[in-house]
file structure-v6.cif (mmCIF, C-alpha atoms)
data_model
loop_
_atom_site.label_atom_id
_atom_site.label_comp_id
_atom_site.auth_asym_id
_atom_site.auth_seq_id
_atom_site.Cartn_x
_atom_site.Cartn_y
_atom_site.Cartn_z
CA MET A 1 29.69 -2.71 -13.86
CA LEU A 2 27.79 -3.41 -10.63
CA THR A 3 28.95 -1.19 -7.77
CA ARG A 4 27.03 -2.18 -4.64
CA ILE A 5 24.03 -3.92 -3.16
CA ASP A 6 21.46 -1.17 -3.70
CA HIS A 7 18.69 -2.84 -1.73
CA ILE A 8 17.06 -6.03 -0.58
CA GLY A 9 13.35 -6.13 -1.44
CA ILE A 10 11.10 -7.63 1.23
CA ALA A 11 7.48 -8.44 0.42
CA CYS A 12 5.01 -7.88 3.25
CA PHE A 13 1.27 -7.96 3.87
CA ASP A 14 1.18 -4.85 6.07
CA LEU A 15 3.73 -2.12 5.31
CA ASP A 16 3.07 -0.10 8.46
CA LYS A 17 3.52 -3.11 10.78
CA THR A 18 6.66 -4.18 8.94
CA VAL A 19 8.17 -0.69 9.08
CA GLU A 20 7.46 -0.60 12.80
CA PHE A 21 9.21 -3.96 13.28
CA TYR A 22 12.39 -2.75 11.54
CA ARG A 23 12.27 0.55 13.45
CA ALA A 24 11.71 -1.01 16.87
CA THR A 25 14.05 -3.97 16.37
CA TYR A 26 16.97 -2.44 14.46
CA GLY A 27 16.46 1.31 14.67
CA PHE A 28 16.02 1.71 10.90
CA GLU A 29 13.95 4.72 9.85
CA VAL A 30 12.03 5.36 6.64
CA PHE A 31 14.17 7.39 4.26
CA HIS A 32 11.57 7.49 1.47
CA SER A 33 8.09 6.13 0.83
CA GLU A 34 5.88 6.10 -2.25
CA VAL A 35 3.19 4.28 -4.16
CA ASN A 36 4.35 2.88 -7.49
CA GLU A 37 1.13 2.47 -9.49
CA GLU A 38 2.90 0.76 -12.41
CA GLN A 39 4.31 -1.95 -10.11
CA GLY A 40 1.17 -2.07 -7.93
CA VAL A 41 3.02 -1.54 -4.65
CA ARG A 42 3.26 0.78 -1.70
CA GLU A 43 6.83 0.86 -0.49
CA ALA A 44 9.18 2.20 2.14
CA MET A 45 12.94 2.52 1.70
CA LEU A 46 14.86 2.11 4.96
CA LYS A 47 18.39 3.44 4.59
CA ILE A 48 21.05 1.17 6.06
CA ASN A 49 24.24 3.02 5.11
CA ASP A 50 25.96 5.24 2.58
CA THR A 51 28.37 3.67 0.09
CA SER A 52 31.73 4.73 -1.32
CA ASP A 53 30.28 5.37 -4.80
CA GLY A 54 27.92 8.06 -3.53
CA GLY A 55 24.92 5.74 -3.33
CA ALA A 56 23.42 3.94 -0.38
CA SER A 57 22.12 0.55 0.68
CA TYR A 58 18.49 0.10 1.69
CA LEU A 59 15.85 -2.37 2.72
CA GLN A 60 12.84 -1.92 0.43
CA LEU A 61 9.59 -3.02 2.05
CA LEU A 62 6.84 -3.78 -0.47
CA GLU A 63 3.10 -4.09 0.15
CA PRO A 64 0.86 -4.82 -2.85
CA THR A 65 -1.86 -2.29 -3.66
CA ARG A 66 -3.81 -4.60 -5.93
CA PRO A 67 -4.24 -8.39 -6.16
CA ASP A 68 -2.88 -8.66 -9.72
CA SER A 69 0.50 -7.09 -8.90
CA THR A 70 3.63 -9.23 -9.10
CA VAL A 71 4.28 -8.76 -5.38
CA ALA A 72 0.71 -9.83 -4.47
CA LYS A 73 1.08 -12.99 -6.54
CA TRP A 74 4.47 -13.66 -4.98
CA LEU A 75 3.05 -13.22 -1.45
CA ASP A 76 0.18 -15.61 -2.24
CA LYS A 77 2.67 -18.26 -3.29
CA ASN A 78 5.53 -17.67 -0.83
CA GLY A 79 4.32 -15.58 2.09
CA GLU A 80 6.32 -12.69 3.52
CA GLY A 81 10.06 -12.55 3.05
CA VAL A 82 12.94 -11.66 0.77
CA HIS A 83 11.53 -10.94 -2.68
CA HIS A 84 14.63 -9.77 -4.59
CA ILE A 85 18.14 -8.38 -4.43
CA ALA A 86 19.10 -5.23 -6.31
CA PHE A 87 22.55 -4.24 -7.49
CA GLY A 88 23.50 -0.64 -8.17
CA THR A 89 25.05 0.34 -11.48
CA ALA A 90 25.93 3.59 -13.18
CA ASP A 91 24.51 2.24 -16.47
CA VAL A 92 21.44 0.00 -16.17
CA ASP A 93 20.99 -0.05 -19.96
CA GLY A 94 24.54 -1.10 -20.75
CA ASP A 95 24.87 -3.61 -17.93
CA ALA A 96 21.50 -5.20 -18.75
CA ALA A 97 22.61 -5.57 -22.39
CA ASP A 98 25.94 -7.11 -21.33
CA ILE A 99 24.21 -9.55 -18.99
CA LYS A 100 21.65 -10.44 -21.67
CA ASP A 101 24.55 -11.21 -24.05
CA LYS A 102 25.71 -13.76 -21.46
CA GLY A 103 22.41 -15.64 -21.77
CA VAL A 104 20.47 -14.20 -18.83
CA ARG A 105 16.90 -13.15 -19.57
CA VAL A 106 16.18 -9.47 -18.90
CA LEU A 107 12.51 -9.02 -17.99
CA TYR A 108 11.96 -5.48 -19.32
CA GLU A 109 12.69 -4.48 -22.91
CA GLU A 110 13.56 -0.98 -21.64
CA PRO A 111 14.33 0.00 -18.04
CA ARG A 112 11.38 1.39 -16.07
CA ARG A 113 10.98 3.95 -13.31
CA GLY A 114 11.77 2.59 -9.88
CA SER A 115 11.93 3.98 -6.36
CA MET A 116 13.08 7.55 -5.84
CA GLY A 117 13.22 8.23 -9.59
CA SER A 118 15.68 5.42 -10.34
CA ARG A 119 15.83 3.42 -13.58
CA ILE A 120 15.43 -0.34 -13.13
CA THR A 121 15.18 -3.69 -14.82
CA PHE A 122 14.95 -7.26 -13.54
CA LEU A 123 16.75 -10.48 -14.44
CA HIS A 124 14.85 -13.75 -14.58
CA PRO A 125 15.26 -15.75 -11.35
CA LYS A 126 15.58 -19.06 -13.23
CA ASP A 127 18.73 -17.69 -14.87
CA CYS A 128 20.09 -16.33 -11.53
CA HIS A 129 20.01 -19.49 -9.37
CA GLY A 130 16.49 -18.82 -8.11
CA VAL A 131 17.06 -15.17 -7.15
CA LEU A 132 14.98 -12.39 -8.71
CA THR A 133 17.68 -9.81 -9.42
CA GLU A 134 17.17 -6.11 -10.07
CA LEU A 135 19.62 -3.67 -11.66
CA VAL A 136 19.28 -0.05 -10.47
CA THR A 137 20.68 3.24 -11.68
CA SER A 138 19.86 5.66 -8.89
CA ALA A 139 18.65 9.18 -9.53
CA PRO A 140 20.57 11.86 -7.65
CA VAL A 141 19.07 12.14 -4.16
CA GLU A 142 18.89 15.69 -2.84
CA SER A 143 16.67 15.21 0.19
CA PRO A 144 14.41 12.49 1.59
CA GLU A 145 10.73 12.48 0.72
CA HIS A 146 8.16 10.98 3.05
#
call {"tool": "encode", "arguments": {"input": "structure-v6.cif", "output": "structure tokens"}}
result
Amino acid sequence: MLTRIDHIGIACFDLDKTVEFYRATYGFEVFHSEVNEEQGVREAMLKINDTSDGGASYLQLLEPTRPDSTVAKWLDKNGEGVHHIAFGTADVDGDAADIKDKGVRVLYEEPRRGSMGSRITFLHPKDCHGVLTELVTSAPVESPEH
């Protein structure tokens, strides 16, 4: 089932300033950055460590690119901070179905494209003790893209 904490998503107003904070304060560097038009965000993945299952753990910094994006709405309501937690899985489809069978609402009918070519879905925070939870099946990572 779930194999690791894939990433912690952090919503921010200014991606460049937030990246600089994590670089200057903790020494974390950007492993990958992209704009996800479907999600309406510009993001940076800061690699924290490799994991025993061949994956890695990251901080995902998210800046909205449009005011109607989910992250923009979340920032308007909550301000900057932890937006979600993501768990890695080898089978996002199967694990989402199993979790749905346990009564947890899955937000996407079919998994969508996430960071670095991953496949993702989200679980409703009201069913997860107030925590927006993401399930991630990572794509094989050959080299970082910036």
call {"tool": "residues_around", "arguments": {"input": "structure-v6.cif", "residues": "Val35 (chain A)", "least_positions_apart": "6", "cutoff": "10 Å", "atoms": "only C-alpha atoms", "output": "PDB file with C-alpha atoms, keeping the file's coordinate frame"}}
result
ATOM      1  CA  VAL A  41       3.020  -1.540  -4.650  1.00  0.00           C
ATOM      2  CA  ARG A  42       3.260   0.780  -1.700  1.00  0.00           C
ATOM      3  CA  GLU A  43       6.830   0.860  -0.490  1.00  0.00           C
ATOM      4  CA  ALA A  44       9.180   2.200   2.140  1.00  0.00           C
ATOM      5  CA  LEU A  62       6.840  -3.780  -0.470  1.00  0.00           C
ATOM      6  CA  GLU A  63       3.100  -4.090   0.150  1.00  0.00           C
ATOM      7  CA  PRO A  64       0.860  -4.820  -2.850  1.00  0.00           C
ATOM      8  CA  THR A  65      -1.860  -2.290  -3.660  1.00  0.00           C
ATOM      9  CA  SER A 115      11.930   3.980  -6.360  1.00  0.00           C
TER      10      SER A 115
END
call {"tool": "closest_residue", "arguments": {"input": "structure-v6.cif", "among": "A:Gln39, A:Phe21, A:Lys47, A:His84", "to": "Arg112 (chain A)", "atoms": "all atoms listed in the file"}}
result
A:Gln39
call {"tool": "closest_residue", "arguments": {"input": "structure-v6.cif", "among": "A:Ala96, A:Lys102, A:Gly9, A:Ile85", "to": "Pro125 (chain A)", "atoms": "only C-alpha atoms"}}
result
A:Ile85
call {"tool": "residues_near_point", "arguments": {"input": "structure-v6.cif", "point": "(4.1, -8.4, 9.1)", "cutoff": "12 Å", "atoms": "only C-alpha atoms", "output": "list in words"}}
result
Ile10, Ala11, Cys12, Phe13, Asp14, Leu15, Asp16, Lys17, Thr18, Val19, Glu20, Phe21, Tyr22, Leu61, Leu62, Glu63, Leu75, Gly79, Glu80 and Gly81 of chain A
call {"tool": "residues_near_point", "arguments": {"input": "structure-v6.cif", "point": "(25.0, -3.8, -21.0)", "cutoff": "12 Å", "atoms": "all atoms listed in the file", "output": "ChimeraX atom specification"}}
result
/A:1-2,89-102,104,106,110-111,121,135
call {"tool": "atom_distance", "arguments": {"input": "structure-v6.cif", "atom1": "CA of Gly114 (chain A)", "atom2": "CA of Ile5 (chain A)"}}
result
15.4 Å
call {"tool": "atom_distance", "arguments": {"input": "structure-v6.cif", "atom1": "CA of Tyr58 (chain A)", "atom2": "CA of Met45 (chain A)"}}
result
6.1 Å
call {"tool": "atom_distance", "arguments": {"input": "structure-v6.cif", "atom1": "CA of Glu134 (chain A)", "atom2": "CA of Ala24 (chain A)"}}
result
28.0 Å
call {"tool": "closest_residue", "arguments": {"input": "structure-v6.cif", "among": "A:Gly40, A:Ser138, A:Thr3, A:Tyr108", "to": "Pro67 (chain A)", "atoms": "only C-alpha atoms"}}
result
A:Gly40
call {"tool": "closest_residue", "arguments": {"input": "structure-v6.cif", "among": "A:His129, A:Gly88, A:Pro140, A:Asp68", "to": "Arg4 (chain A)", "atoms": "only C-alpha atoms"}}
result
A:Gly88
call {"tool": "residues_around", "arguments": {"input": "structure-v6.cif", "residues": "Ala139 (chain A)", "least_positions_apart": "5", "cutoff": "9 Å", "atoms": "only C-alpha atoms", "output": "count of residues only"}}
result
4
call {"tool": "resolve_selection", "arguments": {"input": "structure-v6.cif", "expression": "the PyMOL selection byres ((chain A and resi 7) around 6)", "output": "count of residues only"}}
result
7
call {"tool": "closest_residue", "arguments": {"input": "structure-v6.cif", "among": "A:Thr133, A:Asn78, A:Thr70, A:Thr25", "to": "Arg105 (chain A)", "atoms": "all atoms listed in the file"}}
result
A:Thr133
call {"tool": "closest_residue", "arguments": {"input": "structure-v6.cif", "among": "A:Gln60, A:His83, A:Arg113, A:Trp74", "to": "Asn36 (chain A)", "atoms": "only C-alpha atoms"}}
result
A:Arg113
call {"tool": "axis_aligned_box", "arguments": {"input": "structure-v6.cif", "around": "region 83-88 of chain A", "padding_each_side": "8 Å", "output": "lines of an AutoDock Vina configuration file"}}
result
center_x = 17.5
center_y = -5.8
center_z = -5.4
size_x = 28.0
size_y = 26.3
size_z = 21.5
call {"tool": "decode", "arguments": {"input": "structure-v6.cif", "residues": "region 73-98 of chain A", "atoms": "C-alpha atoms", "output": "PDB file, in the first residue's frame"}}
result
ATOM      1  CA  LYS A  73      -8.546  29.941  -2.875  1.00  0.00           C
ATOM      2  CA  TRP A  74      -6.820  28.071  -0.058  1.00  0.00           C
ATOM      3  CA  LEU A  75      -4.284  30.911   0.402  1.00  0.00           C
ATOM      4  CA  ASP A  76      -7.100  33.485   0.510  1.00  0.00           C
ATOM      5  CA  LYS A  77      -8.764  31.547   3.309  1.00  0.00           C
ATOM      6  CA  ASN A  78      -5.754  30.264   5.273  1.00  0.00           C
ATOM      7  CA  GLY A  79      -2.645  32.213   4.312  1.00  0.00           C
ATOM      8  CA  GLU A  80       0.702  30.560   3.668  1.00  0.00           C
ATOM      9  CA  GLY A  81       1.473  27.184   5.175  1.00  0.00           C
ATOM     10  CA  VAL A  82       1.080  23.435   4.923  1.00  0.00           C
ATOM     11  CA  HIS A  83      -1.498  22.693   2.237  1.00  0.00           C
ATOM     12  CA  HIS A  84      -1.381  18.881   2.035  1.00  0.00           C
ATOM     13  CA  ILE A  85       0.549  15.699   2.734  1.00  0.00           C
ATOM     14  CA  ALA A  86       1.257  13.187  -0.011  1.00  0.00           C
ATOM     15  CA  PHE A  87       1.921   9.485   0.402  1.00  0.00           C
ATOM     16  CA  GLY A  88       3.795   7.468  -2.185  1.00  0.00           C
ATOM     17  CA  THR A  89       2.303   4.281  -3.581  1.00  0.00           C
ATOM     18  CA  ALA A  90       3.187   1.888  -6.369  1.00  0.00           C
ATOM     19  CA  ASP A  91      -0.498   1.760  -7.403  1.00  0.00           C
ATOM     20  CA  VAL A  92      -2.450   5.003  -7.044  1.00  0.00           C
ATOM     21  CA  ASP A  93      -5.475   3.491  -8.818  1.00  0.00           C
ATOM     22  CA  GLY A  94      -5.698   0.415  -6.621  1.00  0.00           C
ATOM     23  CA  ASP A  95      -4.961   2.177  -3.358  1.00  0.00           C
ATOM     24  CA  ALA A  96      -7.465   4.957  -4.113  1.00  0.00           C
ATOM     25  CA  ALA A  97     -10.119   2.307  -4.824  1.00  0.00           C
ATOM     26  CA  ASP A  98      -9.299   0.459  -1.579  1.00  0.00           C
TER      27      ASP A  98
END
